[in-house]
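Visitor: Have a look at this one before I ask anything.
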Amino acid sequence: MRETEPPPAGYYPDPQNPALERWWDGLAWAASPEAPALNVAPVVEAPVEPPRNNQFAMASLVLSISWVFFIGSILGVIFGHLAMQQIRESEGREVGRGNAMVGLIVGYAGLACGLLVVLILLG
């Protein structure tokens with residue numbers, strides 16, 4: 001009569017408790033059973049990018065400060081409003097609301113001062 005070969009080394013259901021696994025080294029069982037390993041891929045979270053500065057906010061600030069015959073103030077106000085809209089719609093991916101707000105305030109103040117100068121010169 002031919003004897004069967006033992007199974008190769010590996011984890012197999014525990015002879016006393018099939019809910020657990022036990023290591024079979026090809027000759028004997030390991031001393032204690034182990035819970036079966038789950039074949040689940042590890043969770044890898046996507047890297048979180050830091051929020052970036054909105055370029056229209058910076059342009060609004062710079063242009064509104066450099067008045068240049070109303071053009072800087074007008075562009076500062078336009079870019080400030082564009083920046084505020086983009087920052088609001090970015091859901092936290094862009095920052096620069098403070099720069100846009102200062103650009104708007106200085107831009108509107110520059111427009112008001114420019115109009116006052118024109119009224120004084122014409123009046």
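Residues in the structure tokens are numbered from 1 in each chain, the chains being A, B, ... in the order shown, and ligands are numbered from 1 in the order shown.
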With a distance cut-off of 7 Å and only C-alpha atoms, select the neighbouring residues of stretch 87-100 of chain A, excluding the residue or stretch itself and same-chain residues fewer than 6 positions from it, and output the selection as a ChimeraX atom specification.
Guide: /A:51-54,57-58,60-61,80
Visitor: For A:Leu111, work out the shell of residues within 9 Å, counting only C-alpha atoms and skipping chain neighbours fewer than 2 positions away, then give it as an mmCIF file with C-alpha atoms, in the first residue's frame.
Guide:
```cif
data_model
loop_
_atom_site.group_PDB
_atom_site.id
_atom_site.type_symbol
_atom_site.label_atom_id
_atom_site.label_comp_id
_atom_site.auth_asym_id
_atom_site.auth_seq_id
_atom_site.Cartn_x
_atom_site.Cartn_y
_atom_site.Cartn_z
ATOM 1 C CA TRP A 67 -3.207 103.215 -9.865
ATOM 2 C CA PHE A 70 -7.642 104.570 -13.504
ATOM 3 C CA SER A 73 -7.920 100.508 -10.257
ATOM 4 C CA ILE A 74 -10.366 99.265 -12.895
ATOM 5 C CA VAL A 106 -8.078 99.837 -2.744
ATOM 6 C CA GLY A 107 -9.377 99.597 -6.322
ATOM 7 C CA TYR A 108 -12.733 101.171 -5.452
ATOM 8 C CA ALA A 109 -10.976 103.814 -3.341
ATOM 9 C CA CYS A 113 -10.281 109.378 -5.724
ATOM 10 C CA GLY A 114 -9.729 109.471 -9.473
ATOM 11 C CA LEU A 115 -13.300 110.563 -10.108
ATOM 12 C CA LEU A 116 -12.956 113.221 -7.399
#
```
Visitor: Going by DSSP on the backbone, which residues of chain A come out as strand (DSSP E or B)? List them as a list in words.
Guide: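 DSSP on the backbone gives strand (DSSP E or B) at Gly10, Tyr11, Tyr12, Pro13, Glu21, Arg22, Trp23, Trp24, Trp29, Glu34, Arg52, Asn53, Glu94 and Val95 of chain A.
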Visitor: Store the residues of this selection in a file with C-alpha atoms, as a short mmCIF file (atom, residue, chain, number, x, y, z; two decimals), in the first residue's frame.
Guide:
```cif
data_model
loop_
_atom_site.label_atom_id
_atom_site.label_comp_id
_atom_site.auth_asym_id
_atom_site.auth_seq_id
_atom_site.Cartn_x
_atom_site.Cartn_y
_atom_site.Cartn_z
CA GLY A 10 1.15 26.75 4.18
CA TYR A 11 -1.84 27.90 6.19
CA TYR A 12 -4.72 25.43 6.42
CA PRO A 13 -7.94 25.28 8.47
CA GLU A 21 -6.00 28.79 10.38
CA ARG A 22 -2.87 26.99 11.52
CA TRP A 23 0.55 26.87 9.87
CA TRP A 24 1.55 23.48 8.45
CA TRP A 29 1.31 21.84 12.77
CA GLU A 34 -4.12 32.21 13.92
CA ARG A 52 -2.63 77.38 -3.91
CA ASN A 53 -2.79 81.15 -4.12
CA GLU A 94 -7.40 78.09 -3.59
CA VAL A 95 -6.69 80.81 -1.06
#
```
Visitor: From chain A, collect each residue whose DSSP state is alpha helix (DSSP H) and return the set as a PyMOL selection string.
Guide: chain A and resi 55-65+71-89+97-122
Visitor: A:Leu63, A:Ala9, A:Val48, A:Ala30: which is nearest A:Ile105, counting only C-alpha atoms?
Guide: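 When distances to A:Ile105 are compared using only C-alpha atoms, the smallest one comes from A:Leu63.
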Visitor: For A:Val102, which of A:Ile65, A:Ile78, A:Ile120, A:Ala28 is the closest residue, counting only C-alpha atoms?
Guide: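 When distances to A:Val102 are compared using only C-alpha atoms, the smallest one comes from A:Ile65.
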